[in-house]
Amino acid sequence: MANLDIEAVRSKFPALKEDQIFLDNAGGSQTLGVVIESISNYLIKSNVQFGGGYKASKASSSRYDDGMEAGAMFLNAGRDEIAYGASTTQLLRNLSFTFQFQEGDEIVVSTIDHEANISPWKDLASRLKLIIKWWKPQEGSTNPKLLSEELKGLLSPKTRLVTCTHASNVLGTINDIKAIAEVVHTVPKAMLCVDGVAYAPHRPVDVKELGVDFYVLSWYKVFGPHIAMIYGSRKAQEQMHSLGHWFHTHETLEKKISLGSGYYELVQSIAPIVSYLGPHTSSEWASISSQESLLQSTLLNYLNAKPDTITVYGERSADARLRLPVISFKVHGWDSRELVETLERTTNYGFRWGAFYSNGLVNEYLGLESDGVVRVSMAHYNTVEEIKGFIDAIDKVITKKS
């Protein structure tokens with residue numbers, strides 16, 4: 001298993017030199033220095049409309065093209081199969097307006113997803129008079145999973161769309177998307193839309209291997225700027241109505257779903273991120289997985305050792321095949337907000353409490369109050385020493401109260 005040169009990695013992230021320990025990476029990662037430099041350089045040297053024949057415009061076009069190619073490469077997609085947008089929430093909302101399903105058609109929606117992958121489909125169903133079938137895991141688990149076997153009973157010849165998450169932004173639990181896609185595609189014309197926001201910063205994504213029709217991610221959680229990206233297979237695009245201007249050819253996903261001219265400096269900055277992470281089979285990805293496994297096992301060993309005091313939500317195992325380093329828990333006798341704010345006042349650890357826009361999961365399925373869970377979300381640039389320091393800090397607070 002590859003070992004990560006943690007000091008070399010940390011030197012590439014300028015924010016890590018500051019007096020803050022970042023354990024809220026599922027809410028937004030820190031940005032690579034080369035990305036910051038790339039954005040600055042673009043704005044200084046080529047901040048013009050691309051497509052022109054003059055020098056600066058040619059440079060703008062070339063750099064934008066590089067960003068498009070890099071985004072496609074990241075997912076093993078074709079350039080005509082990706083598009084950028086302001087956020088995953090916005091892209092999924094846009095996508096919902098491209099579908100022209102018939103009254104009585106059915107869509108299957110996961111109840112434990114981030115709201116970005118729920119609200120657009122509820123609205124779509126209301127507009128077009130569709131039937132929603134809710135995909136809800138069996139009750140009573142602290143680690144609910146979306147299982148392909150349970151999905152089968154929700155499908156029918158009228159199913160047009162199934163939506164779910166690759167990995168929960170609260171639980172860190174990984175769902176078997178390939179198996180889910182195989183089940184979905186037993187129905188002609190049925191499509192699968194996957195929220196990959198929580199998954200993409202931690203594992204390579206091959207949309208062809210997974211067999212998904214749509215896949216979304218947010219680059220500001222993958223060491224880049226505030227911009228999101230969506231994949232739509234060429235076959236799935238046949239079921240889309242374009243939102244673009246009538247005089248466009250609409251032959252690409254970008255032409256169908258990206259509205260207006262925007263994000264040039266951000267799109268072109270994606271190339272250095274993909275270069276940093278390397279190909280799907282690179283040693284960089286293997287090193288990232290190895291480091292994150294070490295981080296999550298360190299924290300989970302502590303949390304799991306206190307079953308009478310702490311409830312872990314999501315996989316209790318640190319197996320990297322089953323979970324990501326996004327770990328949520330409740331400490332008995334503590335309001336989650338109170339616990340987080342207590343540590344914030346006395347330490348330099350940055351982490352969060354709440355439902356994280358997965359209210360259906362946290363408040364309804366898990367039955368937790370408005371304070372939700374405590375979430376510690378790690379990235380490969382975090383150190384074992386940081387996690388051990390966090391454990392010491394939280395243990396002192398918990399012990400003092402008890």
# chains A, B, ... in the order shown; residues from 1 in each chain; ligands from 1

call {"tool": "residues_around", "arguments": {"residues": "Glu238 (chain A)", "least_positions_apart": "3", "cutoff": "12 Å", "atoms": "only C-alpha atoms", "output": "PDB file with C-alpha atoms, in the first residue's frame"}}
result
ATOM      1  CA  GLU A  81     -20.802  14.551 -21.881  1.00  0.00           C
ATOM      2  CA  THR A  98     -34.773  19.218 -19.410  1.00  0.00           C
ATOM      3  CA  PHE A  99     -36.997  16.158 -18.923  1.00  0.00           C
ATOM      4  CA  GLN A 100     -40.364  15.927 -20.623  1.00  0.00           C
ATOM      5  CA  LYS A 189     -35.519   4.124 -20.872  1.00  0.00           C
ATOM      6  CA  MET A 191     -32.049   6.471 -16.100  1.00  0.00           C
ATOM      7  CA  ASP A 213     -26.544   8.094 -16.785  1.00  0.00           C
ATOM      8  CA  GLY A 232     -24.662  13.030 -18.818  1.00  0.00           C
ATOM      9  CA  SER A 233     -24.128  10.054 -21.110  1.00  0.00           C
ATOM     10  CA  ARG A 234     -24.762  10.526 -24.811  1.00  0.00           C
ATOM     11  CA  LYS A 235     -27.623   8.040 -24.625  1.00  0.00           C
ATOM     12  CA  HIS A 241     -34.806  18.910 -23.936  1.00  0.00           C
ATOM     13  CA  SER A 242     -32.206  21.681 -24.311  1.00  0.00           C
ATOM     14  CA  HIS A 250     -27.444  21.368 -28.710  1.00  0.00           C
ATOM     15  CA  GLU A 251     -25.126  18.501 -29.594  1.00  0.00           C
ATOM     16  CA  THR A 252     -23.314  18.553 -26.219  1.00  0.00           C
ATOM     17  CA  LEU A 253     -24.409  18.447 -22.597  1.00  0.00           C
ATOM     18  CA  LYS A 256     -28.156  21.693 -23.326  1.00  0.00           C
TER      19      LYS A 256
END

call {"tool": "closest_atom_pairs", "arguments": {"of": "region 268-330 of chain A", "to": "region 26-33 of chain A", "cutoff": "12 Å", "atoms": "only C-alpha atoms", "output": "tab-separated table"}}
result
residue	atom	partner	partner_atom	distance
A:Ser269	CA	A:Leu32	CA	10.1
A:Ile270	CA	A:Leu32	CA	10.4
A:Ala271	CA	A:Leu32	CA	11.6
A:Pro272	CA	A:Leu32	CA	8.6
A:Ile273	CA	A:Leu32	CA	7.4
A:Val274	CA	A:Leu32	CA	11.1
A:Ser275	CA	A:Leu32	CA	11.3
A:Tyr276	CA	A:Leu32	CA	8.9
A:Leu277	CA	A:Leu32	CA	11.0
A:Leu324	CA	A:Ala26	CA	10.3
A:Pro325	CA	A:Ala26	CA	9.2
A:Val326	CA	A:Ala26	CA	7.0
A:Ile327	CA	A:Ala26	CA	9.9
A:Ser328	CA	A:Ala26	CA	11.3

call {"tool": "write_last_selection", "arguments": {"atoms": "N, CA, C and O atoms", "output": "PDB file, in the first residue's frame"}}
result
ATOM      1  N   SER A 269      -9.222  26.256 -14.256  1.00  0.00           N
ATOM      2  CA  SER A 269      -8.401  25.885 -13.094  1.00  0.00           C
ATOM      3  C   SER A 269      -8.565  24.421 -12.697  1.00  0.00           C
ATOM      4  O   SER A 269      -7.865  23.944 -11.789  1.00  0.00           O
ATOM      5  N   ILE A 270      -9.459  23.701 -13.343  1.00  0.00           N
ATOM      6  CA  ILE A 270      -9.670  22.290 -13.002  1.00  0.00           C
ATOM      7  C   ILE A 270      -8.500  21.432 -13.480  1.00  0.00           C
ATOM      8  O   ILE A 270      -8.182  20.413 -12.876  1.00  0.00           O
ATOM      9  N   ALA A 271      -7.862  21.842 -14.560  1.00  0.00           N
ATOM     10  CA  ALA A 271      -6.762  21.046 -15.108  1.00  0.00           C
ATOM     11  C   ALA A 271      -5.666  20.742 -14.078  1.00  0.00           C
ATOM     12  O   ALA A 271      -5.218  19.591 -13.975  1.00  0.00           O
ATOM     13  N   PRO A 272      -5.191  21.724 -13.300  1.00  0.00           N
ATOM     14  CA  PRO A 272      -4.147  21.384 -12.322  1.00  0.00           C
ATOM     15  C   PRO A 272      -4.627  20.466 -11.195  1.00  0.00           C
ATOM     16  O   PRO A 272      -3.816  19.757 -10.594  1.00  0.00           O
ATOM     17  N   ILE A 273      -5.931  20.454 -10.904  1.00  0.00           N
ATOM     18  CA  ILE A 273      -6.446  19.514  -9.898  1.00  0.00           C
ATOM     19  C   ILE A 273      -6.330  18.091 -10.412  1.00  0.00           C
ATOM     20  O   ILE A 273      -5.850  17.186  -9.713  1.00  0.00           O
ATOM     21  N   VAL A 274      -6.773  17.887 -11.646  1.00  0.00           N
ATOM     22  CA  VAL A 274      -6.727  16.552 -12.237  1.00  0.00           C
ATOM     23  C   VAL A 274      -5.283  16.091 -12.394  1.00  0.00           C
ATOM     24  O   VAL A 274      -4.970  14.913 -12.189  1.00  0.00           O
ATOM     25  N   SER A 275      -4.392  17.020 -12.706  1.00  0.00           N
ATOM     26  CA  SER A 275      -2.972  16.687 -12.793  1.00  0.00           C
ATOM     27  C   SER A 275      -2.430  16.271 -11.435  1.00  0.00           C
ATOM     28  O   SER A 275      -1.643  15.314 -11.333  1.00  0.00           O
ATOM     29  N   TYR A 276      -2.840  16.969 -10.388  1.00  0.00           N
ATOM     30  CA  TYR A 276      -2.396  16.647  -9.029  1.00  0.00           C
ATOM     31  C   TYR A 276      -2.845  15.246  -8.609  1.00  0.00           C
ATOM     32  O   TYR A 276      -2.071  14.480  -8.034  1.00  0.00           O
ATOM     33  N   LEU A 277      -4.093  14.901  -8.904  1.00  0.00           N
ATOM     34  CA  LEU A 277      -4.644  13.615  -8.478  1.00  0.00           C
ATOM     35  C   LEU A 277      -4.164  12.465  -9.350  1.00  0.00           C
ATOM     36  O   LEU A 277      -4.038  11.332  -8.885  1.00  0.00           O
ATOM     37  N   LEU A 324     -16.108   6.356   3.688  1.00  0.00           N
ATOM     38  CA  LEU A 324     -15.194   7.469   3.470  1.00  0.00           C
ATOM     39  C   LEU A 324     -14.887   8.125   4.817  1.00  0.00           C
ATOM     40  O   LEU A 324     -15.604   7.891   5.810  1.00  0.00           O
ATOM     41  N   PRO A 325     -13.857   8.976   4.908  1.00  0.00           N
ATOM     42  CA  PRO A 325     -13.517   9.613   6.182  1.00  0.00           C
ATOM     43  C   PRO A 325     -14.438  10.781   6.539  1.00  0.00           C
ATOM     44  O   PRO A 325     -13.994  11.872   6.894  1.00  0.00           O
ATOM     45  N   VAL A 326     -15.726  10.544   6.417  1.00  0.00           N
ATOM     46  CA  VAL A 326     -16.775  11.484   6.825  1.00  0.00           C
ATOM     47  C   VAL A 326     -17.522  10.781   7.955  1.00  0.00           C
ATOM     48  O   VAL A 326     -18.275   9.834   7.721  1.00  0.00           O
ATOM     49  N   ILE A 327     -17.278  11.214   9.178  1.00  0.00           N
ATOM     50  CA  ILE A 327     -17.737  10.456  10.349  1.00  0.00           C
ATOM     51  C   ILE A 327     -18.652  11.316  11.204  1.00  0.00           C
ATOM     52  O   ILE A 327     -18.286  12.418  11.631  1.00  0.00           O
ATOM     53  N   SER A 328     -19.865  10.788  11.450  1.00  0.00           N
ATOM     54  CA  SER A 328     -20.858  11.512  12.244  1.00  0.00           C
ATOM     55  C   SER A 328     -21.233  10.710  13.479  1.00  0.00           C
ATOM     56  O   SER A 328     -21.290   9.477  13.445  1.00  0.00           O
TER      57      SER A 328
END

call {"tool": "select_by_dssp", "arguments": {"residues": "region 180-284 of chain A", "states": "strand (DSSP E or B)", "output": "PyMOL selection string"}}
result
chain A and resi 191-195+214-218+228-232+240

call {"tool": "closest_atom_pairs", "arguments": {"of": "region 91-112 of chain A", "to": "region 122-144 of chain A", "cutoff": "6 Å", "atoms": "only C-alpha atoms", "output": "tab-separated table"}}
result
residue	atom	partner	partner_atom	distance
A:Glu103	CA	A:Lys129	CA	5.1
A:Gly104	CA	A:Leu130	CA	4.9
A:Asp105	CA	A:Leu130	CA	5.2
A:Glu106	CA	A:Ile131	CA	4.7
A:Ile107	CA	A:Ile132	CA	5.1
A:Val108	CA	A:Lys133	CA	4.7
A:Val109	CA	A:Trp134	CA	5.2
A:Ser110	CA	A:Trp135	CA	4.5
A:Thr111	CA	A:Lys136	CA	5.5

call {"tool": "closest_residue", "arguments": {"among": "A:His332, A:Arg93, A:Arg375, A:Arg203", "to": "Ile310 (chain A)", "atoms": "only C-alpha atoms"}}
result
A:His332

call {"tool": "closest_residue", "arguments": {"among": "A:Glu344, A:Pro14, A:Ala320, A:Asp80", "to": "Ser289 (chain A)", "atoms": "only C-alpha atoms"}}
result
A:Ala320

call {"tool": "residues_around", "arguments": {"residues": "Gly85 (chain A)", "least_positions_apart": "5", "cutoff": "10 Å", "atoms": "only C-alpha atoms", "output": "PyMOL selection string"}}
result
chain A and resi 90-92+94+218+226-230+254+257-259+262-263+267

call {"tool": "atom_distance", "arguments": {"atom1": "CA of Leu95 (chain A)", "atom2": "CA of Pro120 (chain A)"}}
result
8.5 Å

call {"tool": "closest_atom_pairs", "arguments": {"of": "region 120-238 of chain A", "to": "region 348-358 of chain A", "cutoff": "12 Å", "atoms": "only C-alpha atoms", "output": "JSON lines"}}
result
{"residue": "A:Thr165", "atom": "CA", "partner": "A:Ser358", "partner_atom": "CA", "distance": 11.0}
{"residue": "A:Ser168", "atom": "CA", "partner": "A:Ser358", "partner_atom": "CA", "distance": 8.6}
{"residue": "A:Asn169", "atom": "CA", "partner": "A:Phe356", "partner_atom": "CA", "distance": 7.6}
{"residue": "A:Val170", "atom": "CA", "partner": "A:Phe356", "partner_atom": "CA", "distance": 7.1}
{"residue": "A:Leu171", "atom": "CA", "partner": "A:Ser358", "partner_atom": "CA", "distance": 10.2}
{"residue": "A:Ala198", "atom": "CA", "partner": "A:Phe356", "partner_atom": "CA", "distance": 11.6}

call {"tool": "closest_residue", "arguments": {"among": "A:Lys58, A:Lys45, A:Lys145, A:His248", "to": "Gly314 (chain A)", "atoms": "only C-alpha atoms"}}
result
A:Lys145

call {"tool": "select_by_dssp", "arguments": {"residues": "region 74-139 of chain A", "states": "alpha helix (DSSP H)", "output": "ChimeraX atom specification"}}
result
/A:74-75,88-96,119-128

call {"tool": "atom_distance", "arguments": {"atom1": "CA of Gly333 (chain A)", "atom2": "CA of Glu315 (chain A)"}}
result
22.4 Å

call {"tool": "residues_around", "arguments": {"residues": "Leu294 (chain A)", "least_positions_apart": "3", "cutoff": "12 Å", "atoms": "only C-alpha atoms", "output": "ChimeraX atom specification"}}
result
/A:1,3-4,287-291,297-301,318-320,324-325,378-385,387-388

call {"tool": "atom_distance", "arguments": {"atom1": "CA of Val9 (chain A)", "atom2": "CA of Asp65 (chain A)"}}
result
27.3 Å
